[in-house]
>>> print(open('coords35.cif').read())   # mmCIF, C-alpha atoms, pLDDT in the B column; chains and numbers go by the auth columns
data_coords
loop_
_atom_site.group_PDB
_atom_site.id
_atom_site.type_symbol
_atom_site.label_atom_id
_atom_site.label_comp_id
_atom_site.label_asym_id
_atom_site.label_seq_id
_atom_site.Cartn_x
_atom_site.Cartn_y
_atom_site.Cartn_z
_atom_site.B_iso_or_equiv
_atom_site.auth_seq_id
_atom_site.auth_asym_id
ATOM 1 C CA MET A 1 4.632 -16.773 -33.326 50.00 1 I
ATOM 2 C CA ASN A 2 2.104 -13.992 -33.753 58.00 2 I
ATOM 3 C CA ASP A 3 4.035 -11.004 -35.129 64.00 3 I
ATOM 4 C CA SER A 4 1.562 -8.509 -33.637 67.00 4 I
ATOM 5 C CA PHE A 5 2.175 -9.836 -30.148 72.00 5 I
ATOM 6 C CA SER A 6 5.895 -10.092 -30.747 80.00 6 I
ATOM 7 C CA ASN A 7 6.062 -6.410 -31.703 87.00 7 I
ATOM 8 C CA LEU A 8 3.705 -5.320 -28.921 86.00 8 I
ATOM 9 C CA GLY A 9 5.647 -7.284 -26.310 85.00 9 I
ATOM 10 C CA ARG A 10 8.943 -5.898 -27.568 89.00 10 I
ATOM 11 C CA TYR A 11 7.675 -2.308 -27.549 90.00 11 I
ATOM 12 C CA VAL A 12 6.234 -2.693 -24.051 89.00 12 I
ATOM 13 C CA SER A 13 9.562 -4.100 -22.869 92.00 13 I
ATOM 14 C CA ILE A 14 11.550 -1.284 -24.501 94.00 14 I
ATOM 15 C CA PHE A 15 9.148 1.322 -23.125 92.00 15 I
ATOM 16 C CA TYR A 16 9.458 -0.134 -19.624 92.00 16 I
ATOM 17 C CA ARG A 17 13.276 -0.175 -19.708 95.00 17 I
ATOM 18 C CA LEU A 18 13.544 3.376 -21.083 94.00 18 I
ATOM 19 C CA MET A 19 11.050 4.720 -18.581 93.00 19 I
ATOM 20 C CA LYS A 20 12.872 2.966 -15.725 94.00 20 I
ATOM 21 C CA MET A 21 16.209 4.471 -16.807 94.00 21 I
ATOM 22 C CA TYR A 22 14.644 7.937 -17.143 94.00 22 I
ATOM 23 C CA TYR A 23 13.213 7.830 -13.613 93.00 23 I
ATOM 24 C CA ASP A 24 16.230 6.156 -12.010 93.00 24 I
ATOM 25 C CA ARG A 25 18.517 8.878 -13.404 94.00 25 I
ATOM 26 C CA GLY A 26 16.139 11.649 -12.448 93.00 26 I
ATOM 27 C CA LEU A 27 15.726 10.437 -8.860 94.00 27 I
ATOM 28 C CA TRP A 28 19.231 9.204 -7.993 93.00 28 I
ATOM 29 C CA GLU A 29 19.881 12.127 -5.618 94.00 29 I
ATOM 30 C CA PHE A 30 16.860 11.130 -3.519 94.00 30 I
ATOM 31 C CA ASN A 31 18.012 7.544 -2.957 90.00 31 I
ATOM 32 C CA ILE A 32 14.917 6.149 -4.654 90.00 32 I
ATOM 33 C CA GLY A 33 14.197 5.011 -8.161 87.00 33 I
ATOM 34 C CA TRP A 34 11.606 3.647 -10.492 89.00 34 I
ATOM 35 C CA GLY A 35 10.417 1.015 -8.025 87.00 35 I
ATOM 36 C CA GLN A 36 9.641 3.406 -5.206 93.00 36 I
ATOM 37 C CA GLN A 37 8.439 6.491 -7.069 94.00 37 I
ATOM 38 C CA PHE A 38 4.888 5.178 -7.574 92.00 38 I
ATOM 39 C CA TYR A 39 4.453 4.762 -3.820 95.00 39 I
ATOM 40 C CA VAL A 40 5.925 8.138 -2.893 96.00 40 I
ATOM 41 C CA GLU A 41 3.631 9.820 -5.397 96.00 41 I
ATOM 42 C CA TYR A 42 0.569 7.890 -4.233 96.00 42 I
ATOM 43 C CA ILE A 43 1.126 8.863 -0.598 97.00 43 I
ATOM 44 C CA TYR A 44 1.844 12.461 -1.651 97.00 44 I
ATOM 45 C CA ASP A 45 -1.499 12.573 -3.474 97.00 45 I
ATOM 46 C CA HIS A 46 -3.346 10.530 -0.799 97.00 46 I
ATOM 47 C CA PRO A 47 -1.913 11.328 2.651 97.00 47 I
ATOM 48 C CA GLY A 48 -3.050 8.776 5.212 96.00 48 I
ATOM 49 C CA ALA A 49 -3.707 6.097 2.597 95.00 49 I
ATOM 50 C CA SER A 50 -3.772 2.543 3.838 93.00 50 I
ATOM 51 C CA PRO A 51 -1.469 -0.159 2.502 91.00 51 I
ATOM 52 C CA GLN A 52 -4.559 -1.989 1.175 90.00 52 I
ATOM 53 C CA GLU A 53 -5.559 1.051 -0.909 92.00 53 I
ATOM 54 C CA MET A 54 -2.094 1.066 -2.449 91.00 54 I
ATOM 55 C CA VAL A 55 -2.214 -2.667 -3.191 88.00 55 I
ATOM 56 C CA GLU A 56 -5.478 -2.171 -5.068 86.00 56 I
ATOM 57 C CA CYS A 57 -4.484 1.005 -6.915 88.00 57 I
ATOM 58 C CA ILE A 58 -0.948 0.080 -7.919 87.00 58 I
ATOM 59 C CA ARG A 59 -1.842 -3.611 -8.423 81.00 59 I
ATOM 60 C CA VAL A 60 1.030 -5.017 -6.452 86.00 60 I
ATOM 61 C CA ASP A 61 1.153 -7.933 -4.040 85.00 61 I
ATOM 62 C CA LYS A 62 1.377 -7.307 -0.296 86.00 62 I
ATOM 63 C CA ALA A 63 4.911 -8.719 -0.013 90.00 63 I
ATOM 64 C CA THR A 64 6.222 -6.238 -2.578 90.00 64 I
ATOM 65 C CA LEU A 65 4.404 -3.385 -0.865 91.00 65 I
ATOM 66 C CA THR A 66 5.888 -4.401 2.501 91.00 66 I
ATOM 67 C CA LYS A 67 9.400 -4.471 1.031 93.00 67 I
ATOM 68 C CA ILE A 68 9.003 -1.028 -0.549 93.00 68 I
ATOM 69 C CA MET A 69 7.446 0.451 2.606 93.00 69 I
ATOM 70 C CA LYS A 70 10.467 -0.811 4.576 93.00 70 I
ATOM 71 C CA LYS A 71 12.846 0.818 2.068 93.00 71 I
ATOM 72 C CA LEU A 72 10.957 4.121 2.223 95.00 72 I
ATOM 73 C CA THR A 73 10.859 3.984 6.023 95.00 73 I
ATOM 74 C CA ASP A 74 14.594 3.209 6.172 94.00 74 I
ATOM 75 C CA VAL A 75 15.447 6.270 4.040 94.00 75 I
ATOM 76 C CA GLY A 76 13.137 8.408 6.187 96.00 76 I
ATOM 77 C CA TYR A 77 10.471 9.106 3.566 97.00 77 I
ATOM 78 C CA ILE A 78 7.353 7.679 5.169 97.00 78 I
ATOM 79 C CA SER A 79 5.846 7.276 8.575 95.00 79 I
ATOM 80 C CA ILE A 80 3.394 4.521 9.345 93.00 80 I
ATOM 81 C CA VAL A 81 0.741 5.493 11.861 94.00 81 I
ATOM 82 C CA ALA A 82 -1.740 3.130 13.511 90.00 82 I
ATOM 83 C CA ASP A 83 -5.381 4.148 13.298 85.00 83 I
ATOM 84 C CA GLU A 84 -6.692 5.598 16.558 89.00 84 I
ATOM 85 C CA LYS A 85 -9.845 3.464 16.507 88.00 85 I
ATOM 86 C CA ASP A 86 -8.478 0.245 15.005 86.00 86 I
ATOM 87 C CA ARG A 87 -4.799 -0.327 15.820 82.00 87 I
ATOM 88 C CA ARG A 88 -4.595 -3.023 13.118 85.00 88 I
ATOM 89 C CA MET A 89 -5.291 -0.405 10.448 90.00 89 I
ATOM 90 C CA LYS A 90 -2.245 1.573 9.287 92.00 90 I
ATOM 91 C CA HIS A 91 -2.020 4.963 7.573 95.00 91 I
ATOM 92 C CA LEU A 92 0.932 6.095 5.475 96.00 92 I
ATOM 93 C CA TYR A 93 2.296 9.630 5.419 97.00 93 I
ATOM 94 C CA LEU A 94 5.260 11.259 3.732 97.00 94 I
ATOM 95 C CA THR A 95 7.816 12.914 5.971 98.00 95 I
ATOM 96 C CA GLU A 96 9.120 16.430 5.317 98.00 96 I
ATOM 97 C CA LYS A 97 12.272 14.796 3.952 97.00 97 I
ATOM 98 C CA ALA A 98 10.208 13.135 1.198 97.00 98 I
ATOM 99 C CA ILE A 99 8.428 16.252 -0.077 97.00 99 I
ATOM 100 C CA PRO A 100 11.281 17.375 -2.400 97.00 100 I
ATOM 101 C CA ALA A 101 11.412 13.852 -3.858 96.00 101 I
ATOM 102 C CA ALA A 102 7.642 13.858 -4.425 97.00 102 I
ATOM 103 C CA LYS A 103 7.841 17.221 -6.181 97.00 103 I
ATOM 104 C CA LYS A 104 10.715 15.980 -8.337 96.00 104 I
ATOM 105 C CA ILE A 105 8.635 12.924 -9.280 96.00 105 I
ATOM 106 C CA LYS A 106 5.830 15.233 -10.419 96.00 106 I
ATOM 107 C CA ASN A 107 8.322 17.240 -12.510 96.00 107 I
ATOM 108 C CA ILE A 108 9.769 14.090 -14.058 95.00 108 I
ATOM 109 C CA HIS A 109 6.242 12.942 -14.925 93.00 109 I
ATOM 110 C CA ALA A 110 5.576 16.206 -16.748 95.00 110 I
ATOM 111 C CA GLU A 111 8.912 16.135 -18.608 95.00 111 I
ATOM 112 C CA PHE A 112 8.543 12.481 -19.525 93.00 112 I
ATOM 113 C CA TYR A 113 4.972 12.922 -20.745 93.00 113 I
ATOM 114 C CA ALA A 114 5.925 15.933 -22.862 95.00 114 I
ATOM 115 C CA THR A 115 8.690 13.899 -24.496 94.00 115 I
ATOM 116 C CA LEU A 116 6.581 10.767 -24.821 92.00 116 I
ATOM 117 C CA SER A 117 3.589 12.512 -26.359 95.00 117 I
ATOM 118 C CA GLY A 118 5.520 14.676 -28.822 95.00 118 I
ATOM 119 C CA GLY A 119 3.900 14.590 -32.263 96.00 119 I
ATOM 120 C CA ILE A 120 0.921 12.519 -31.075 96.00 120 I
ATOM 121 C CA SER A 121 -2.562 14.030 -31.029 97.00 121 I
ATOM 122 C CA SER A 122 -4.570 14.120 -27.819 95.00 122 I
ATOM 123 C CA GLU A 123 -7.122 11.794 -29.464 97.00 123 I
ATOM 124 C CA GLU A 124 -4.432 9.238 -30.289 97.00 124 I
ATOM 125 C CA LEU A 125 -3.050 9.471 -26.760 96.00 125 I
ATOM 126 C CA ALA A 126 -6.513 8.938 -25.273 96.00 126 I
ATOM 127 C CA LEU A 127 -7.116 5.901 -27.480 97.00 127 I
ATOM 128 C CA THR A 128 -3.708 4.473 -26.619 94.00 128 I
ATOM 129 C CA GLU A 129 -4.314 4.923 -22.911 94.00 129 I
ATOM 130 C CA LYS A 130 -7.742 3.316 -23.209 96.00 130 I
ATOM 131 C CA ALA A 131 -6.313 0.345 -25.132 94.00 131 I
ATOM 132 C CA LEU A 132 -3.498 -0.132 -22.611 91.00 132 I
ATOM 133 C CA GLU A 133 -5.957 0.053 -19.724 91.00 133 I
ATOM 134 C CA GLN A 134 -8.102 -2.625 -21.358 93.00 134 I
ATOM 135 C CA MET A 135 -5.029 -4.827 -21.918 89.00 135 I
ATOM 136 C CA VAL A 136 -4.091 -4.480 -18.244 86.00 136 I
ATOM 137 C CA ASP A 137 -7.630 -5.353 -17.179 87.00 137 I
ATOM 138 C CA ASN A 138 -7.702 -8.336 -19.558 87.00 138 I
ATOM 139 C CA ILE A 139 -4.556 -9.859 -18.123 85.00 139 I
ATOM 140 C CA ASN A 140 -4.839 -8.665 -14.512 81.00 140 I
ATOM 141 C CA HIS A 141 -7.512 -11.138 -13.445 75.00 141 I
ATOM 142 C CA ARG A 142 -5.745 -14.029 -15.129 80.00 142 I
ATOM 143 C CA VAL A 143 -2.387 -13.294 -13.501 80.00 143 I
ATOM 144 C CA TRP A 144 -3.772 -12.783 -9.993 66.00 144 I
ATOM 145 C CA HIS A 145 -6.061 -15.791 -10.360 60.00 145 I
ATOM 146 C CA ARG A 146 -3.088 -18.005 -11.265 58.00 146 I
ATOM 147 C CA MET A 147 -1.030 -16.626 -8.365 53.00 147 I
ATOM 148 C CA GLU A 148 -3.851 -17.378 -5.923 55.00 148 I
ATOM 149 C CA GLU A 149 -4.185 -20.942 -7.269 59.00 149 I
ATOM 150 C CA HIS A 150 -0.447 -21.484 -6.958 54.00 150 I
ATOM 151 C CA HIS A 151 -0.150 -20.019 -3.449 53.00 151 I
ATOM 152 C CA GLY A 152 -3.392 -21.349 -2.078 50.00 152 I
#
>>> encode(input="coords35.cif", output="structure tokens")
Amino acid sequence: MNDSFSNLGRYVSIFYRLMKMYYDRGLWEFNIGWGQQFYVEYIYDHPGASPQEMVECIRVDKATLTKIMKKLTDVGYISIVADEKDRRMKHLYLTEKAIPAAKKIKNIHAEFYATLSGGISSEELALTEKALEQMVDNINHRVWHRMEEHHG
């Protein structure tokens, strides 16, 4: 086994679990967690976004998006509004109830980033982000291509 991949995979896994715990604990009072926070934030930053925009930006399949939209609708955090010109097109908006959760998410982001980036130069952070983005792009096409082959 390639030790570089083994270490990288392990660190990515540890990072994911720690980040999930951090967000789940920080958002427990809002009845959402790690899985939903990306969507709440996206709609907060892009009111009226379409589900398709979110699929493309967050890189999630439509079934997962549908499940999360149902959860957020059930807890009263989003409203789904049909487009006036094309009723098939939907727009997503946060409700007033969701605004405190969205603001808390932004605060958690800032706290987490401050902790995460401690002792690391801005140049190193930029290079790390660029490398991670390239890794995501490298694997993204392959994963989605295989899913499309498998599911027709």
>>> resolve_selection(input="coords35.cif", expression="the PyMOL selection byres ((chain I and resi 82) around 12)", output="ChimeraX atom specification")
/I:48-51,79-81,83-93
>>> closest_residue(input="coords35.cif", among="I:Ile32, I:Ser117, I:Lys103, I:Met54", to="Leu72 in chain I", atoms="only C-alpha atoms")
I:Ile32
>>> atom_distance(input="coords35.cif", atom1="CA of Ser121 in chain I", atom2="CA of Tyr39 in chain I")
29.6 Å
>>> residues_around(input="coords35.cif", residues="Glu29 in chain I", least_positions_apart="2", cutoff="12 Å", atoms="only C-alpha atoms", output="PyMOL selection string")
chain I and resi 23-27+31-33+98+100-101+104-105
>>> atom_distance(input="coords35.cif", atom1="CA of Met21 in chain I", atom2="CA of Phe112 in chain I")
11.4 Å
>>> build_atoms(input="coords35.cif", residues="range 51-62 of chain I", atoms="all heavy atoms", output="PDB file, in the coordinates of the input")
ATOM      1  N   PRO I  51      -2.188   0.759   3.399  1.00 91.00           N
ATOM      2  CA  PRO I  51      -1.469  -0.159   2.502  1.00 91.00           C
ATOM      3  C   PRO I  51      -2.422  -0.902   1.549  1.00 91.00           C
ATOM      4  O   PRO I  51      -2.099  -1.110   0.382  1.00 91.00           O
ATOM      5  CB  PRO I  51      -0.769  -1.122   3.468  1.00 91.00           C
ATOM      6  CG  PRO I  51      -0.566  -0.308   4.709  1.00 91.00           C
ATOM      7  CD  PRO I  51      -1.796   0.560   4.792  1.00 91.00           C
ATOM      8  N   GLN I  52      -3.608  -1.271   2.028  1.00 90.00           N
ATOM      9  CA  GLN I  52      -4.559  -1.989   1.175  1.00 90.00           C
ATOM     10  C   GLN I  52      -5.003  -1.128  -0.008  1.00 90.00           C
ATOM     11  O   GLN I  52      -5.136  -1.629  -1.124  1.00 90.00           O
ATOM     12  CB  GLN I  52      -5.783  -2.439   1.986  1.00 90.00           C
ATOM     13  CG  GLN I  52      -6.756  -3.288   1.199  1.00 90.00           C
ATOM     14  CD  GLN I  52      -6.131  -4.562   0.646  1.00 90.00           C
ATOM     15  OE1 GLN I  52      -5.301  -5.192   1.279  1.00 90.00           O
ATOM     16  NE2 GLN I  52      -6.524  -4.933  -0.571  1.00 90.00           N
ATOM     17  N   GLU I  53      -5.205   0.158   0.196  1.00 92.00           N
ATOM     18  CA  GLU I  53      -5.559   1.051  -0.909  1.00 92.00           C
ATOM     19  C   GLU I  53      -4.461   1.037  -1.968  1.00 92.00           C
ATOM     20  O   GLU I  53      -4.746   1.018  -3.164  1.00 92.00           O
ATOM     21  CB  GLU I  53      -5.723   2.492  -0.409  1.00 92.00           C
ATOM     22  CG  GLU I  53      -6.934   2.756   0.434  1.00 92.00           C
ATOM     23  CD  GLU I  53      -6.904   4.154   1.026  1.00 92.00           C
ATOM     24  OE1 GLU I  53      -6.562   5.116   0.298  1.00 92.00           O
ATOM     25  OE2 GLU I  53      -7.219   4.293   2.216  1.00 92.00           O
ATOM     26  N   MET I  54      -3.213   1.055  -1.509  1.00 91.00           N
ATOM     27  CA  MET I  54      -2.094   1.066  -2.449  1.00 91.00           C
ATOM     28  C   MET I  54      -1.998  -0.248  -3.211  1.00 91.00           C
ATOM     29  O   MET I  54      -1.729  -0.245  -4.413  1.00 91.00           O
ATOM     30  CB  MET I  54      -0.788   1.370  -1.712  1.00 91.00           C
ATOM     31  CG  MET I  54      -0.769   2.794  -1.189  1.00 91.00           C
ATOM     32  SD  MET I  54       0.748   3.206  -0.354  1.00 91.00           S
ATOM     33  CE  MET I  54       1.877   3.269  -1.721  1.00 91.00           C
ATOM     34  N   VAL I  55      -2.226  -1.355  -2.533  1.00 88.00           N
ATOM     35  CA  VAL I  55      -2.214  -2.667  -3.191  1.00 88.00           C
ATOM     36  C   VAL I  55      -3.222  -2.676  -4.336  1.00 88.00           C
ATOM     37  O   VAL I  55      -2.926  -3.121  -5.444  1.00 88.00           O
ATOM     38  CB  VAL I  55      -2.510  -3.803  -2.179  1.00 88.00           C
ATOM     39  CG1 VAL I  55      -2.902  -5.092  -2.865  1.00 88.00           C
ATOM     40  CG2 VAL I  55      -1.317  -4.028  -1.262  1.00 88.00           C
ATOM     41  N   GLU I  56      -4.413  -2.171  -4.069  1.00 86.00           N
ATOM     42  CA  GLU I  56      -5.478  -2.171  -5.068  1.00 86.00           C
ATOM     43  C   GLU I  56      -5.203  -1.189  -6.204  1.00 86.00           C
ATOM     44  O   GLU I  56      -5.453  -1.501  -7.367  1.00 86.00           O
ATOM     45  CB  GLU I  56      -6.816  -1.874  -4.399  1.00 86.00           C
ATOM     46  CG  GLU I  56      -7.266  -2.991  -3.473  1.00 86.00           C
ATOM     47  CD  GLU I  56      -8.435  -2.614  -2.572  1.00 86.00           C
ATOM     48  OE1 GLU I  56      -9.000  -1.500  -2.731  1.00 86.00           O
ATOM     49  OE2 GLU I  56      -8.768  -3.431  -1.696  1.00 86.00           O
ATOM     50  N   CYS I  57      -4.705  -0.017  -5.890  1.00 88.00           N
ATOM     51  CA  CYS I  57      -4.484   1.005  -6.915  1.00 88.00           C
ATOM     52  C   CYS I  57      -3.282   0.676  -7.793  1.00 88.00           C
ATOM     53  O   CYS I  57      -3.366   0.763  -9.016  1.00 88.00           O
ATOM     54  CB  CYS I  57      -4.297   2.365  -6.261  1.00 88.00           C
ATOM     55  SG  CYS I  57      -3.963   3.667  -7.462  1.00 88.00           S
ATOM     56  N   ILE I  58      -2.178   0.315  -7.171  1.00 87.00           N
ATOM     57  CA  ILE I  58      -0.948   0.080  -7.919  1.00 87.00           C
ATOM     58  C   ILE I  58      -0.893  -1.339  -8.483  1.00 87.00           C
ATOM     59  O   ILE I  58      -0.110  -1.626  -9.375  1.00 87.00           O
ATOM     60  CB  ILE I  58       0.277   0.409  -7.026  1.00 87.00           C
ATOM     61  CG1 ILE I  58       0.230   1.889  -6.628  1.00 87.00           C
ATOM     62  CG2 ILE I  58       1.588   0.093  -7.728  1.00 87.00           C
ATOM     63  CD1 ILE I  58       1.281   2.329  -5.632  1.00 87.00           C
ATOM     64  N   ARG I  59      -1.773  -2.213  -7.977  1.00 81.00           N
ATOM     65  CA  ARG I  59      -1.842  -3.611  -8.423  1.00 81.00           C
ATOM     66  C   ARG I  59      -0.527  -4.335  -8.164  1.00 81.00           C
ATOM     67  O   ARG I  59       0.136  -4.819  -9.077  1.00 81.00           O
ATOM     68  CB  ARG I  59      -2.241  -3.711  -9.886  1.00 81.00           C
ATOM     69  CG  ARG I  59      -3.613  -3.161 -10.159  1.00 81.00           C
ATOM     70  CD  ARG I  59      -4.029  -3.379 -11.575  1.00 81.00           C
ATOM     71  NE  ARG I  59      -5.296  -2.717 -11.829  1.00 81.00           N
ATOM     72  CZ  ARG I  59      -6.019  -2.937 -12.900  1.00 81.00           C
ATOM     73  NH1 ARG I  59      -5.631  -3.776 -13.815  1.00 81.00           N
ATOM     74  NH2 ARG I  59      -7.151  -2.297 -13.061  1.00 81.00           N
ATOM     75  N   VAL I  60      -0.194  -4.372  -6.892  1.00 86.00           N
ATOM     76  CA  VAL I  60       1.030  -5.017  -6.452  1.00 86.00           C
ATOM     77  C   VAL I  60       0.660  -5.951  -5.303  1.00 86.00           C
ATOM     78  O   VAL I  60      -0.319  -5.722  -4.596  1.00 86.00           O
ATOM     79  CB  VAL I  60       2.068  -3.953  -6.024  1.00 86.00           C
ATOM     80  CG1 VAL I  60       1.605  -3.171  -4.831  1.00 86.00           C
ATOM     81  CG2 VAL I  60       3.413  -4.566  -5.759  1.00 86.00           C
ATOM     82  N   ASP I  61       1.446  -7.014  -5.134  1.00 85.00           N
ATOM     83  CA  ASP I  61       1.153  -7.933  -4.040  1.00 85.00           C
ATOM     84  C   ASP I  61       1.623  -7.333  -2.709  1.00 85.00           C
ATOM     85  O   ASP I  61       2.456  -6.430  -2.665  1.00 85.00           O
ATOM     86  CB  ASP I  61       1.796  -9.300  -4.288  1.00 85.00           C
ATOM     87  CG  ASP I  61       3.293  -9.210  -4.385  1.00 85.00           C
ATOM     88  OD1 ASP I  61       3.951  -9.302  -3.329  1.00 85.00           O
ATOM     89  OD2 ASP I  61       3.811  -9.045  -5.512  1.00 85.00           O
ATOM     90  N   LYS I  62       1.090  -7.865  -1.620  1.00 86.00           N
ATOM     91  CA  LYS I  62       1.377  -7.307  -0.296  1.00 86.00           C
ATOM     92  C   LYS I  62       2.850  -7.450   0.078  1.00 86.00           C
ATOM     93  O   LYS I  62       3.400  -6.577   0.755  1.00 86.00           O
ATOM     94  CB  LYS I  62       0.487  -7.974   0.747  1.00 86.00           C
ATOM     95  CG  LYS I  62      -0.965  -7.577   0.609  1.00 86.00           C
ATOM     96  CD  LYS I  62      -1.841  -8.285   1.622  1.00 86.00           C
ATOM     97  CE  LYS I  62      -3.296  -7.935   1.379  1.00 86.00           C
ATOM     98  NZ  LYS I  62      -4.197  -8.624   2.300  1.00 86.00           N
TER      99      LYS I  62
END
